[in-house]
file run19.cif (mmCIF, C-alpha atoms (C1' of nucleotides) and all ligand atoms)
data_model
#
loop_
_atom_site.label_atom_id
_atom_site.label_comp_id
_atom_site.auth_asym_id
_atom_site.auth_seq_id
_atom_site.Cartn_x
_atom_site.Cartn_y
_atom_site.Cartn_z
CA MET W 181 -78.40 128.40 24.28
CA ASN W 182 -78.83 130.44 27.40
CA THR W 183 -81.19 132.80 25.62
CA ASP W 184 -83.16 129.79 24.47
CA PHE W 185 -83.72 128.60 28.01
CA SER W 186 -84.65 132.07 29.14
CA THR W 187 -87.30 132.32 26.46
CA ILE W 188 -88.73 128.96 27.41
CA LEU W 189 -88.79 129.75 31.10
CA ARG W 190 -90.22 133.22 30.61
CA SER W 191 -93.04 131.84 28.48
CA LEU W 192 -93.90 129.50 31.32
CA ASN W 193 -93.88 132.25 33.93
CA LEU W 194 -90.98 130.57 35.66
CA LYS W 195 -88.19 132.67 37.02
CA ILE W 196 -84.88 132.38 35.21
CA THR W 197 -82.60 131.00 37.88
CA PRO W 198 -79.10 129.56 37.44
CA LYS W 199 -80.24 126.20 38.80
CA ARG W 200 -83.11 125.93 36.34
CA ILE W 201 -80.88 126.78 33.44
CA ALA W 202 -78.29 124.27 34.58
CA ILE W 203 -80.89 121.49 34.86
CA LEU W 204 -82.18 122.20 31.36
CA ASP W 205 -78.66 122.43 30.07
CA ILE W 206 -77.70 119.07 31.52
CA LEU W 207 -80.78 117.37 30.08
CA MET W 208 -80.47 118.98 26.66
CA ASN W 209 -76.88 117.88 26.27
CA GLU W 210 -77.59 114.29 27.10
CA SER W 211 -79.20 111.75 24.79
CA SER W 212 -80.03 109.40 27.66
CA TYR W 213 -82.58 109.71 30.40
CA LEU W 214 -81.23 110.70 33.80
CA SER W 215 -82.32 110.20 37.39
CA PRO W 216 -82.74 113.16 39.76
CA GLU W 217 -79.69 111.99 41.71
CA GLU W 218 -77.59 111.79 38.57
CA ILE W 219 -78.57 115.33 37.70
CA TRP W 220 -77.79 116.35 41.28
CA THR W 221 -74.30 114.84 41.00
CA ARG W 222 -73.63 116.94 37.93
CA MET W 223 -75.10 120.04 39.51
CA LYS W 224 -72.82 119.75 42.51
CA LYS W 225 -69.88 120.17 40.17
CA GLN W 226 -71.27 123.51 39.04
CA PHE W 227 -72.62 124.94 42.30
CA ARG W 228 -71.09 125.11 45.71
CA SER W 229 -74.44 124.27 47.24
CA VAL W 230 -77.52 122.76 45.69
CA GLY W 231 -80.25 120.71 47.29
CA LEU W 232 -81.74 117.50 45.96
CA PRO W 233 -85.29 118.80 46.60
CA THR W 234 -84.55 121.62 44.19
CA ILE W 235 -83.77 119.07 41.51
CA TYR W 236 -86.94 117.12 42.19
CA ARG W 237 -89.08 120.24 42.29
CA ASN W 238 -87.74 121.65 39.05
CA LEU W 239 -87.92 118.37 37.18
CA GLU W 240 -91.53 117.98 38.23
CA GLU W 241 -92.43 121.53 37.23
CA LEU W 242 -90.74 121.21 33.87
CA SER W 243 -92.39 117.89 33.10
CA GLU W 244 -95.81 119.17 34.17
CA ARG W 245 -95.32 121.92 31.62
CA ASN W 246 -94.23 119.39 28.99
CA ILE W 247 -90.75 120.80 28.56
CA ILE W 248 -89.20 117.51 29.58
CA SER W 249 -90.61 113.98 29.67
CA LYS W 250 -90.65 111.15 32.15
CA VAL W 251 -89.53 107.62 31.39
CA THR W 252 -91.64 104.76 32.64
CA HIS W 253 -88.97 102.45 33.98
CA PRO W 254 -89.36 98.85 35.17
CA ASN W 255 -87.54 99.74 38.40
CA ARG W 256 -90.19 102.37 39.02
CA GLN W 257 -87.74 105.15 39.75
CA LEU W 258 -88.02 108.57 38.18
CA TYR W 259 -86.08 109.38 35.04
CA TYR W 260 -86.30 112.42 32.84
CA TYR W 261 -85.07 113.48 29.45
CA PHE W 262 -85.39 116.44 27.19
CA CYS W 263 -86.75 115.99 23.70
CA ALA W 264 -86.58 118.79 21.16
CA ASN W 265 -89.43 117.31 19.14
CA ARG W 266 -92.36 119.47 20.19
CA SER W 267 -95.08 117.49 18.42
CA HIS W 268 -96.88 114.53 19.91
CA HIS W 269 -94.82 111.38 19.68
CA HIS W 270 -93.47 108.46 21.70
CA HIS W 271 -90.14 106.86 22.46
CA PHE W 272 -87.93 103.90 21.96
CA VAL W 273 -85.89 103.55 25.12
CA CYS W 274 -82.75 101.46 25.37
CA LEU W 275 -82.74 99.38 28.54
CA SER W 276 -78.99 99.05 28.43
CA CYS W 277 -77.47 102.45 27.61
CA ARG W 278 -80.61 104.52 28.30
CA ASN W 279 -80.55 106.12 24.90
CA VAL W 280 -83.90 107.58 23.84
CA GLU W 281 -85.12 107.83 20.26
CA ASP W 282 -88.30 109.21 18.81
CA ILE W 283 -91.03 107.00 17.43
CA ASN W 284 -93.19 108.96 15.08
CA PHE W 285 -96.14 106.72 15.52
CA CYS W 286 -99.11 107.06 17.77
CA ALA W 287 -102.32 105.11 17.75
CA LEU W 288 -104.15 107.68 19.84
CA ASP W 289 -106.89 108.25 17.29
CA GLU W 290 -107.66 104.58 16.96
CA LEU W 291 -107.51 104.10 20.70
CA ARG W 292 -109.84 106.99 21.30
CA ARG W 293 -112.26 105.61 18.77
CA GLU W 294 -112.25 102.15 20.31
CA VAL W 295 -112.73 103.54 23.82
CA LYS W 296 -115.58 105.72 22.63
CA ARG W 297 -117.30 102.98 20.63
CA LYS W 298 -116.93 100.00 22.91
CA HIS W 299 -116.83 101.54 26.35
CA ASN W 300 -118.35 104.95 25.76
CA GLY W 301 -115.55 106.38 27.89
CA LYS W 302 -113.39 109.46 27.57
CA VAL W 303 -109.65 109.32 26.98
CA ILE W 304 -107.62 111.70 29.13
CA SER W 305 -104.08 110.48 28.59
CA HIS W 306 -102.15 107.58 27.22
CA ILE W 307 -98.80 105.96 27.77
CA LEU W 308 -96.93 104.39 24.91
CA GLN W 309 -93.32 103.44 25.32
CA VAL W 310 -91.19 100.84 23.60
CA ASN W 311 -88.35 99.28 25.54
CA GLY W 312 -85.51 97.39 23.94
CA TYR W 313 -81.90 97.53 22.91
CA CYS W 314 -80.49 100.09 20.54
CA ARG W 315 -78.14 99.33 17.66
CA ASN W 316 -75.02 100.14 19.65
CA CYS W 317 -75.95 97.85 22.50
CA LEU W 318 -76.93 95.05 20.14
CA ASN W 319 -73.52 95.30 18.50
CA LYS W 320 -71.84 95.02 21.86
CA GLU W 321 -73.52 91.57 21.86
CA GLY W 322 -75.39 91.68 25.09
CA LYS W 323 -72.59 93.17 27.14
CA ASP W 324 -73.93 95.40 29.92
CA ASN W 325 -77.44 94.44 28.92
CA GLU W 326 -78.89 95.03 32.31
CA ILE W 327 -82.20 96.64 33.02
CA MET Y 151 -113.05 78.17 40.78
CA ASN Y 152 -110.69 76.69 43.30
CA THR Y 153 -109.74 73.92 40.88
CA ASP Y 154 -109.07 76.59 38.30
CA PHE Y 155 -106.55 78.33 40.53
CA SER Y 156 -104.89 75.03 41.38
CA THR Y 157 -104.42 74.23 37.73
CA ILE Y 158 -102.93 77.62 37.05
CA LEU Y 159 -100.57 77.46 40.01
CA ARG Y 160 -99.53 73.89 39.30
CA SER Y 161 -98.71 74.75 35.71
CA LEU Y 162 -96.43 77.51 37.02
CA ASN Y 163 -94.68 75.24 39.48
CA LEU Y 164 -96.02 77.31 42.33
CA LYS Y 165 -97.27 75.56 45.45
CA ILE Y 166 -100.97 75.71 46.00
CA THR Y 167 -101.25 77.63 49.25
CA PRO Y 168 -104.39 79.12 50.80
CA LYS Y 169 -102.88 82.59 50.65
CA ARG Y 170 -102.14 82.36 46.94
CA ILE Y 171 -105.61 81.13 46.18
CA ALA Y 172 -107.12 83.92 48.26
CA ILE Y 173 -105.07 86.57 46.45
CA LEU Y 174 -106.13 85.25 43.06
CA ASP Y 175 -109.71 84.97 44.25
CA ILE Y 176 -109.78 88.58 45.43
CA LEU Y 177 -108.33 89.87 42.17
CA MET Y 178 -110.56 87.73 39.96
CA ASN Y 179 -113.71 88.94 41.66
CA GLU Y 180 -112.86 92.58 41.29
CA SER Y 181 -113.15 94.61 38.10
CA SER Y 182 -110.88 97.37 39.45
CA TYR Y 183 -107.19 97.39 40.10
CA LEU Y 184 -106.12 97.02 43.72
CA SER Y 185 -103.11 98.05 45.76
CA PRO Y 186 -101.16 95.51 47.83
CA GLU Y 187 -102.47 97.12 51.01
CA GLU Y 188 -106.06 96.88 49.82
CA ILE Y 189 -105.57 93.21 49.10
CA TRP Y 190 -103.96 92.82 52.52
CA THR Y 191 -106.97 94.44 54.20
CA ARG Y 192 -109.25 91.88 52.55
CA MET Y 193 -106.92 89.02 53.37
CA LYS Y 194 -106.91 89.90 57.04
CA LYS Y 195 -110.65 89.23 57.09
CA GLN Y 196 -110.01 85.69 55.89
CA PHE Y 197 -106.85 84.76 57.80
CA ARG Y 198 -105.97 85.17 61.44
CA SER Y 199 -102.46 86.12 60.43
CA VAL Y 200 -101.06 87.22 57.12
CA GLY Y 201 -98.05 89.39 56.39
CA LEU Y 202 -97.88 92.26 53.94
CA PRO Y 203 -94.61 90.93 52.46
CA THR Y 204 -96.49 87.78 51.50
CA ILE Y 205 -98.91 89.89 49.49
CA TYR Y 206 -96.12 91.80 47.79
CA ARG Y 207 -94.15 88.64 47.04
CA ASN Y 208 -97.09 86.79 45.55
CA LEU Y 209 -98.29 89.70 43.47
CA GLU Y 210 -94.83 90.09 42.03
CA GLU Y 211 -94.51 86.38 41.28
CA LEU Y 212 -97.91 86.23 39.63
CA SER Y 213 -97.28 89.28 37.51
CA GLU Y 214 -93.85 88.05 36.45
CA ARG Y 215 -95.62 84.95 35.21
CA ASN Y 216 -98.23 87.06 33.42
CA ILE Y 217 -101.15 85.77 35.45
CA ILE Y 218 -101.96 89.24 36.66
CA SER Y 219 -101.03 92.66 35.32
CA LYS Y 220 -99.65 95.85 36.76
CA VAL Y 221 -101.22 99.24 36.27
CA THR Y 222 -98.96 102.17 35.47
CA HIS Y 223 -100.36 104.79 37.81
CA PRO Y 224 -99.50 108.50 37.97
CA ASN Y 225 -98.92 108.22 41.71
CA ARG Y 226 -96.31 105.58 40.99
CA GLN Y 227 -97.63 103.10 43.50
CA LEU Y 228 -98.19 99.48 42.66
CA TYR Y 229 -101.60 98.29 41.52
CA TYR Y 230 -102.60 94.92 40.16
CA TYR Y 231 -105.57 93.38 38.45
CA PHE Y 232 -106.51 90.06 36.99
CA CYS Y 233 -107.59 89.86 33.38
CA ALA Y 234 -109.12 86.68 32.00
CA ASN Y 235 -108.20 87.62 28.45
CA ARG Y 236 -105.12 85.48 27.85
CA SER Y 237 -104.19 86.97 24.49
CA HIS Y 238 -102.02 90.04 24.07
CA HIS Y 239 -103.96 93.24 24.61
CA HIS Y 240 -103.98 96.52 26.49
CA HIS Y 241 -106.24 98.42 28.84
CA PHE Y 242 -108.47 101.37 29.29
CA VAL Y 243 -108.19 102.38 32.91
CA CYS Y 244 -110.67 104.66 34.65
CA LEU Y 245 -108.87 107.27 36.73
CA SER Y 246 -111.92 107.77 38.89
CA CYS Y 247 -113.39 104.36 39.77
CA ARG Y 248 -110.34 102.27 38.78
CA ASN Y 249 -112.37 100.11 36.44
CA VAL Y 250 -110.28 98.30 33.84
CA GLU Y 251 -111.50 97.36 30.37
CA ASP Y 252 -109.78 95.57 27.53
CA ILE Y 253 -108.60 97.34 24.44
CA ASN Y 254 -108.18 94.88 21.63
CA PHE Y 255 -105.72 96.97 19.80
CA CYS Y 256 -101.98 96.88 19.77
CA ALA Y 257 -99.57 98.58 17.45
CA LEU Y 258 -96.70 96.34 18.41
CA ASP Y 259 -96.05 95.15 14.86
CA GLU Y 260 -95.86 98.66 13.47
CA LEU Y 261 -93.73 99.80 16.39
CA ARG Y 262 -91.36 96.92 15.96
CA ARG Y 263 -91.07 97.68 12.26
CA GLU Y 264 -90.34 101.35 12.87
CA VAL Y 265 -87.75 100.56 15.54
CA LYS Y 266 -86.09 98.03 13.26
CA ARG Y 267 -86.09 100.22 10.19
CA LYS Y 268 -85.19 103.60 11.66
CA HIS Y 269 -83.06 102.69 14.65
CA ASN Y 270 -82.02 99.14 13.88
CA GLY Y 271 -82.87 98.29 17.47
CA LYS Y 272 -84.61 95.34 19.08
CA VAL Y 273 -87.94 95.62 20.88
CA ILE Y 274 -88.09 93.80 24.20
CA SER Y 275 -91.29 95.10 25.71
CA HIS Y 276 -93.82 97.84 25.31
CA ILE Y 277 -96.23 99.74 27.49
CA LEU Y 278 -99.55 100.90 26.16
CA GLN Y 279 -102.19 102.12 28.53
CA VAL Y 280 -105.09 104.48 28.03
CA ASN Y 281 -106.27 106.52 31.00
CA GLY Y 282 -109.60 108.25 31.16
CA TYR Y 283 -113.08 108.13 32.57
CA CYS Y 284 -115.47 105.28 32.02
CA ARG Y 285 -119.12 105.63 31.09
CA ASN Y 286 -120.32 105.37 34.67
CA CYS Y 287 -118.01 108.07 35.93
CA LEU Y 288 -118.84 110.35 33.02
CA ASN Y 289 -122.53 109.99 33.85
CA LYS Y 290 -121.83 110.95 37.44
CA GLU Y 291 -120.74 114.25 35.83
CA GLY Y 292 -117.29 114.62 37.23
CA LYS Y 293 -118.15 113.58 40.76
CA ASP Y 294 -115.28 111.80 42.48
CA ASN Y 295 -113.12 112.41 39.44
CA GLU Y 296 -109.89 112.24 41.33
CA ILE Y 297 -106.77 110.59 40.13
"C1'" DA U 134 -79.79 152.14 41.80
"C1'" DC U 135 -83.18 151.09 45.72
"C1'" DT U 136 -87.39 148.77 47.48
"C1'" DT U 137 -90.66 145.36 47.58
"C1'" DT U 138 -92.67 140.90 47.11
"C1'" DA U 139 -93.52 136.49 45.78
"C1'" DA U 140 -90.94 132.68 44.00
"C1'" DA U 141 -87.08 129.79 44.63
"C1'" DT U 142 -83.71 127.53 47.40
"C1'" DA U 143 -80.79 124.91 51.14
"C1'" DG U 144 -80.65 121.82 54.47
"C1'" DA U 145 -82.55 119.08 57.83
"C1'" DA U 146 -86.09 116.08 58.92
"C1'" DC U 147 -89.53 113.09 57.65
"C1'" DT U 148 -92.62 109.69 55.27
"C1'" DC U 149 -94.13 105.46 54.02
"C1'" DA U 150 -94.33 102.11 50.21
"C1'" DT U 151 -91.58 98.41 49.44
"C1'" DT U 152 -87.84 95.17 50.63
"C1'" DT U 153 -84.89 92.34 53.42
"C1'" DC U 154 -83.94 89.12 57.03
"C1'" DT U 155 -84.55 85.06 59.88
"C1'" DA U 156 -86.85 81.72 62.34
"C1'" DT U 157 -90.84 78.85 61.66
"C1'" DT U 158 -94.35 76.49 59.08
"C1'" DT U 159 -96.18 73.93 55.30
"C1'" DA U 160 -96.99 71.75 50.63
"C1'" DA U 161 -96.05 67.91 48.26
"C1'" DG U 162 -93.05 64.25 46.65
"C1'" DT U 163 -90.99 59.75 48.41
"C1'" DA D 45 -94.91 59.26 58.15
"C1'" DC D 46 -90.41 61.47 56.49
"C1'" DT D 47 -87.96 64.84 54.02
"C1'" DT D 48 -86.96 69.02 51.85
"C1'" DA D 49 -87.41 73.06 49.49
"C1'" DA D 50 -90.79 76.60 49.13
"C1'" DA D 51 -93.67 79.71 51.54
"C1'" DT D 52 -94.78 82.52 55.41
"C1'" DA D 53 -95.00 85.84 59.67
"C1'" DG D 54 -93.23 89.39 61.93
"C1'" DA D 55 -89.90 92.56 62.85
"C1'" DA D 56 -86.64 95.55 61.01
"C1'" DA D 57 -84.49 98.13 57.47
"C1'" DT D 58 -84.31 100.77 53.24
"C1'" DG D 59 -84.28 104.72 50.45
"C1'" DA D 60 -86.63 107.34 46.85
"C1'" DG D 61 -89.16 111.07 47.17
"C1'" DT D 62 -91.46 114.80 50.07
"C1'" DT D 63 -92.28 118.33 53.50
"C1'" DC D 64 -90.93 122.13 56.38
"C1'" DT D 65 -88.92 126.52 57.59
"C1'" DA D 66 -85.70 130.02 57.48
"C1'" DT D 67 -83.07 132.41 54.03
"C1'" DT D 68 -82.01 134.08 49.48
"C1'" DT D 69 -83.02 135.90 45.05
"C1'" DA D 70 -85.35 137.26 40.57
"C1'" DA D 71 -87.65 140.75 38.70
"C1'" DA D 72 -91.15 144.31 38.70
"C1'" DG D 73 -91.98 148.89 40.16
"C1'" DT D 74 -90.14 153.47 41.79
ZN ZN J 401 -88.89 112.46 21.57
ZN ZN J 402 -99.62 109.19 21.53
ZN ZN J 403 -107.40 92.83 29.84
ZN ZN J 404 -99.21 95.42 22.78
#

call {"tool": "encode", "arguments": {"input": "run19.cif", "output": "structure tokens", "more": "lines below"}}
Ligand SMILES: [Zn+2]
Ligand SMILES: [Zn+2]
Ligand SMILES: [Zn+2]
Ligand SMILES: [Zn+2]
result
Amino acid sequence: MNTDFSTILRSLNLKITPKRIAILDILMNESSYLSPEEIWTRMKKQFRSVGLPTIYRNLEELSERNIISKVTHPNRQLYYYFCANRSHHHHFVCLSCRNVEDINFCALDELRREVKRKHNGKVISHILQVNGYCRNCLNKEGKDNEI
Amino acid sequence: MNTDFSTILRSLNLKITPKRIAILDILMNESSYLSPEEIWTRMKKQFRSVGLPTIYRNLEELSERNIISKVTHPNRQLYYYFCANRSHHHHFVCLSCRNVEDINFCALDELRREVKRKHNGKVISHILQVNGYCRNCLNKEGKDNEI
DNA sequence: ACTTTAAATAGAACTCATTTCTATTTAAGT
DNA sequence: ACTTAAATAGAAATGAGTTCTATTTAAAGT
């Protein structure tokens, strides 16, 4: 695992620091999206001292470089998750348990075509995210179904 | 126009107040998305006293009731716009001039099917937004092309 | 191993968009 | 006009996220 992270970080010209590896490790071993504070809480168990700005900074760097992704959450706070799927895709996000699953569907081509044809504009980026409740949470019959 | 607003507000069981009408009026006569503060600035020209919380509260109420829409912006601040198109659709948002145009395309059905089939989950909401540069801004050749 | 240097970090302080609170005003139904 | 719940102003608070600076550290070169 460790070697894995090192390779990733080296290829990005980021220094291989224990904090960076720990952040990646936490995200990779979690199927839900996490907030910076939640990651911080876990980090504090591993390091005698670690600053919240370090968490924010690293998460931002890693997401800028597309190693991790951001969730667009109704409460407008930041959440991140790691997805091993390196090809372009989108996500089905559970509003209850925060589980994230891949959706291998993207209408980007059609969107780009429509934007080009009707508005003569240029597409730079797109957001596509599906929010709902996953199987497990549906089975729990609405328990804990908070956003 | 005014009658229009009244009808809308009445049908939502919202009181018809001058501030509400002014907020709707500002948004309807603007093809770009606006921040609460920008709306406040315009409101202060029309009212001797008006509080920023009133703007925030009304924008939230109106968007909850689907009269106006939120923009998902990279800077994570709130922006709103009014769209006359009452049927389900999405938007092409210019990152430079903030112009908003309708995209009459939505993959919701396919997404719902994939989520149902592969994950056995339930779709509650979805976000689809295309960011880019509109014709006008492209013609300006990159001038002012800030996010 | 030792030196050097730029990148990374800790911790404190700060920012400012958004929210909360409370007293007052107002829309609208009787 | 009277009543009442909704809406508002203004002040104050909140808190997620950012900035700043001194210190530490990764890693490249010797
Ligand atoms: Zn994924
Ligand atoms: Zn896509
Ligand atoms: Zn529209
Ligand atoms: Zn849709």

call {"tool": "residues_near_ligand", "arguments": {"input": "run19.cif", "ligand": "ligand ZN 402 (chain J)", "cutoff": "10 Å", "atoms": "all atoms listed in the file", "output": "number ranges by chain"}}
result
W: 267-271, 283-289, 291, 305-309; Y: 278, 280

call {"tool": "calpha_fit_and_write", "arguments": {"input": "run19.cif", "fixed": "chain W", "moving": "chain Y", "output": "compact mmCIF listing (two decimals) with C-alpha atoms, in the coordinates of the input"}}
result
# COMPACT_ATOMS: atom_id res chain seq x y z
CA MET Y 151 -78.51 128.33 24.19
CA ASN Y 152 -78.92 130.35 27.33
CA THR Y 153 -81.30 132.74 25.57
CA ASP Y 154 -83.26 129.72 24.43
CA PHE Y 155 -83.80 128.53 27.98
CA SER Y 156 -84.77 132.02 29.10
CA THR Y 157 -87.41 132.24 26.42
CA ILE Y 158 -88.82 128.88 27.37
CA LEU Y 159 -88.89 129.67 31.08
CA ARG Y 160 -90.34 133.13 30.56
CA SER Y 161 -93.13 131.74 28.42
CA LEU Y 162 -93.99 129.38 31.29
CA ASN Y 163 -93.99 132.12 33.88
CA LEU Y 164 -91.08 130.48 35.62
CA LYS Y 165 -88.29 132.64 36.98
CA ILE Y 166 -85.02 132.36 35.18
CA THR Y 167 -82.71 130.99 37.85
CA PRO Y 168 -79.20 129.58 37.39
CA LYS Y 169 -80.30 126.24 38.78
CA ARG Y 170 -83.16 125.89 36.32
CA ILE Y 171 -80.95 126.77 33.41
CA ALA Y 172 -78.34 124.27 34.57
CA ILE Y 173 -80.92 121.49 34.86
CA LEU Y 174 -82.22 122.16 31.36
CA ASP Y 175 -78.68 122.42 30.06
CA ILE Y 176 -77.71 119.06 31.54
CA LEU Y 177 -80.77 117.34 30.11
CA MET Y 178 -80.47 118.94 26.68
CA ASN Y 179 -76.88 117.84 26.28
CA GLU Y 180 -77.58 114.25 27.12
CA SER Y 181 -79.19 111.70 24.81
CA SER Y 182 -80.02 109.35 27.71
CA TYR Y 183 -82.54 109.66 30.46
CA LEU Y 184 -81.20 110.69 33.86
CA SER Y 185 -82.28 110.20 37.44
CA PRO Y 186 -82.69 113.16 39.81
CA GLU Y 187 -79.63 112.02 41.75
CA GLU Y 188 -77.53 111.84 38.60
CA ILE Y 189 -78.55 115.36 37.72
CA TRP Y 190 -77.76 116.41 41.29
CA THR Y 191 -74.27 114.91 41.03
CA ARG Y 192 -73.61 117.02 37.93
CA MET Y 193 -75.11 120.11 39.51
CA LYS Y 194 -72.83 119.85 42.51
CA LYS Y 195 -69.88 120.29 40.15
CA GLN Y 196 -71.30 123.62 39.02
CA PHE Y 197 -72.69 125.04 42.27
CA ARG Y 198 -71.14 125.29 45.69
CA SER Y 199 -74.48 124.40 47.21
CA VAL Y 200 -77.55 122.86 45.68
CA GLY Y 201 -80.26 120.79 47.31
CA LEU Y 202 -81.74 117.57 46.00
CA PRO Y 203 -85.29 118.83 46.62
CA THR Y 204 -84.56 121.66 44.20
CA ILE Y 205 -83.76 119.10 41.52
CA TYR Y 206 -86.90 117.11 42.23
CA ARG Y 207 -89.09 120.22 42.31
CA ASN Y 208 -87.77 121.61 39.06
CA LEU Y 209 -87.93 118.33 37.20
CA GLU Y 210 -91.52 117.92 38.26
CA GLU Y 211 -92.43 121.47 37.25
CA LEU Y 212 -90.76 121.13 33.87
CA SER Y 213 -92.39 117.82 33.13
CA GLU Y 214 -95.81 119.06 34.19
CA ARG Y 215 -95.33 121.80 31.63
CA ASN Y 216 -94.25 119.27 29.01
CA ILE Y 217 -90.77 120.70 28.58
CA ILE Y 218 -89.21 117.43 29.61
CA SER Y 219 -90.58 113.90 29.71
CA LYS Y 220 -90.62 111.08 32.21
CA VAL Y 221 -89.49 107.57 31.44
CA THR Y 222 -91.61 104.69 32.69
CA HIS Y 223 -88.94 102.41 34.09
CA PRO Y 224 -89.32 98.84 35.36
CA ASN Y 225 -87.52 99.77 38.56
CA ARG Y 226 -90.16 102.41 39.15
CA GLN Y 227 -87.72 105.19 39.88
CA LEU Y 228 -87.98 108.58 38.28
CA TYR Y 229 -86.04 109.35 35.12
CA TYR Y 230 -86.26 112.38 32.89
CA TYR Y 231 -85.04 113.43 29.50
CA PHE Y 232 -85.36 116.40 27.23
CA CYS Y 233 -86.72 115.94 23.74
CA ALA Y 234 -86.52 118.75 21.21
CA ASN Y 235 -89.36 117.29 19.17
CA ARG Y 236 -92.28 119.49 20.23
CA SER Y 237 -94.98 117.52 18.44
CA HIS Y 238 -96.79 114.56 19.95
CA HIS Y 239 -94.76 111.38 19.72
CA HIS Y 240 -93.42 108.46 21.72
CA HIS Y 241 -90.10 106.84 22.48
CA PHE Y 242 -87.90 103.88 21.97
CA VAL Y 243 -85.86 103.50 25.12
CA CYS Y 244 -82.72 101.39 25.34
CA LEU Y 245 -82.74 99.28 28.49
CA SER Y 246 -78.98 98.95 28.39
CA CYS Y 247 -77.46 102.37 27.60
CA ARG Y 248 -80.59 104.45 28.34
CA ASN Y 249 -80.53 106.06 24.93
CA VAL Y 250 -83.86 107.54 23.88
CA GLU Y 251 -85.06 107.82 20.29
CA ASP Y 252 -88.25 109.22 18.83
CA ILE Y 253 -90.97 107.03 17.46
CA ASN Y 254 -93.15 109.02 15.12
CA PHE Y 255 -96.10 106.81 15.55
CA CYS Y 256 -99.08 107.12 17.79
CA ALA Y 257 -102.31 105.21 17.74
CA LEU Y 258 -104.11 107.75 19.86
CA ASP Y 259 -106.86 108.37 17.30
CA GLU Y 260 -107.67 104.70 16.93
CA LEU Y 261 -107.51 104.19 20.68
CA ARG Y 262 -109.80 107.10 21.31
CA ARG Y 263 -112.24 105.76 18.75
CA GLU Y 264 -112.25 102.29 20.28
CA VAL Y 265 -112.72 103.67 23.79
CA LYS Y 266 -115.55 105.88 22.61
CA ARG Y 267 -117.31 103.22 20.60
CA LYS Y 268 -116.94 100.19 22.86
CA HIS Y 269 -116.85 101.71 26.32
CA ASN Y 270 -118.34 105.14 25.76
CA GLY Y 271 -115.52 106.52 27.88
CA LYS Y 272 -113.32 109.58 27.57
CA VAL Y 273 -109.57 109.40 26.99
CA ILE Y 274 -107.53 111.73 29.17
CA SER Y 275 -104.01 110.51 28.61
CA HIS Y 276 -102.10 107.59 27.21
CA ILE Y 277 -98.77 105.93 27.76
CA LEU Y 278 -96.89 104.37 24.90
CA GLN Y 279 -93.29 103.40 25.33
CA VAL Y 280 -91.18 100.81 23.57
CA ASN Y 281 -88.33 99.23 25.50
CA GLY Y 282 -85.50 97.35 23.89
CA TYR Y 283 -81.90 97.48 22.84
CA CYS Y 284 -80.49 100.05 20.48
CA ARG Y 285 -78.16 99.33 17.60
CA ASN Y 286 -75.04 100.11 19.60
CA CYS Y 287 -75.95 97.80 22.43
CA LEU Y 288 -76.95 95.02 20.05
CA ASN Y 289 -73.54 95.29 18.39
CA LYS Y 290 -71.86 94.98 21.76
CA GLU Y 291 -73.52 91.53 21.73
CA GLY Y 292 -75.38 91.61 24.98
CA LYS Y 293 -72.60 93.16 27.02
CA ASP Y 294 -73.92 95.38 29.80
CA ASN Y 295 -77.45 94.40 28.86
CA GLU Y 296 -78.86 95.08 32.26
CA ILE Y 297 -82.15 96.70 32.96

call {"tool": "interface_residues", "arguments": {"input": "run19.cif", "of": "chain Y", "to": "chain D", "cutoff": "12 Å", "atoms": "all atoms listed in the file", "output": "list in words"}}
result
Asn163, Leu164, Lys165, Ile166, Thr167, Pro168, Lys169, Arg170, Arg198, Ser199, Val200, Gly201, Leu202, Pro203, Thr204, Ile205, Arg207, Asn208, Asn225 and Arg226 of chain Y

call {"tool": "residues_near_ligand", "arguments": {"input": "run19.cif", "ligand": "ligand ZN 401 (chain J)", "cutoff": "6 Å", "atoms": "only C-alpha atoms (C1' of nucleotides) and all ligand atoms", "output": "PyMOL selection string"}}
result
chain W and resi 263+265+271+282

call {"tool": "atom_distance", "arguments": {"input": "run19.cif", "atom1": "CA of Asn279 in chain W", "atom2": "CA of Tyr313 in chain W"}}
result
8.9 Å

call {"tool": "interface_residues", "arguments": {"input": "run19.cif", "of": "chain U", "to": "chain Y", "cutoff": "12 Å", "atoms": "only C-alpha atoms (C1' of nucleotides)", "output": "PyMOL selection string"}}
result
chain U and resi 149-154+159-161

call {"tool": "write_last_selection", "arguments": {"input": "run19.cif", "atoms": "C-alpha atoms (C1' of nucleotides)", "output": "JSON list (two decimals), in the frame of the given file"}}
result
[["chain", "number", "residue", "atom", "x", "y", "z"],
["U", 149, "DC", "C1'", -94.13, 105.46, 54.02],
["U", 150, "DA", "C1'", -94.33, 102.11, 50.21],
["U", 151, "DT", "C1'", -91.58, 98.41, 49.44],
["U", 152, "DT", "C1'", -87.84, 95.17, 50.63],
["U", 153, "DT", "C1'", -84.89, 92.34, 53.42],
["U", 154, "DC", "C1'", -83.94, 89.12, 57.03],
["U", 159, "DT", "C1'", -96.18, 73.93, 55.30],
["U", 160, "DA", "C1'", -96.99, 71.75, 50.63],
["U", 161, "DA", "C1'", -96.05, 67.91, 48.26]]

call {"tool": "closest_residue", "arguments": {"input": "run19.cif", "among": "Y:Lys268, Y:Arg248, Y:Arg262, Y:Arg215", "to": "ligand ZN 404 (chain J)", "atoms": "only C-alpha atoms and all ligand atoms"}}
result
Y:Arg262

call {"tool": "closest_residue", "arguments": {"input": "run19.cif", "among": "Y:Phe242, Y:Tyr231, Y:Tyr183, Y:Phe197", "to": "chain W", "atoms": "all atoms listed in the file"}}
result
Y:Phe242

call {"tool": "closest_residue", "arguments": {"input": "run19.cif", "among": "W:Ile201, W:Cys317, W:Cys274, W:Val303", "to": "chain Y", "atoms": "all atoms listed in the file"}}
result
W:Val303
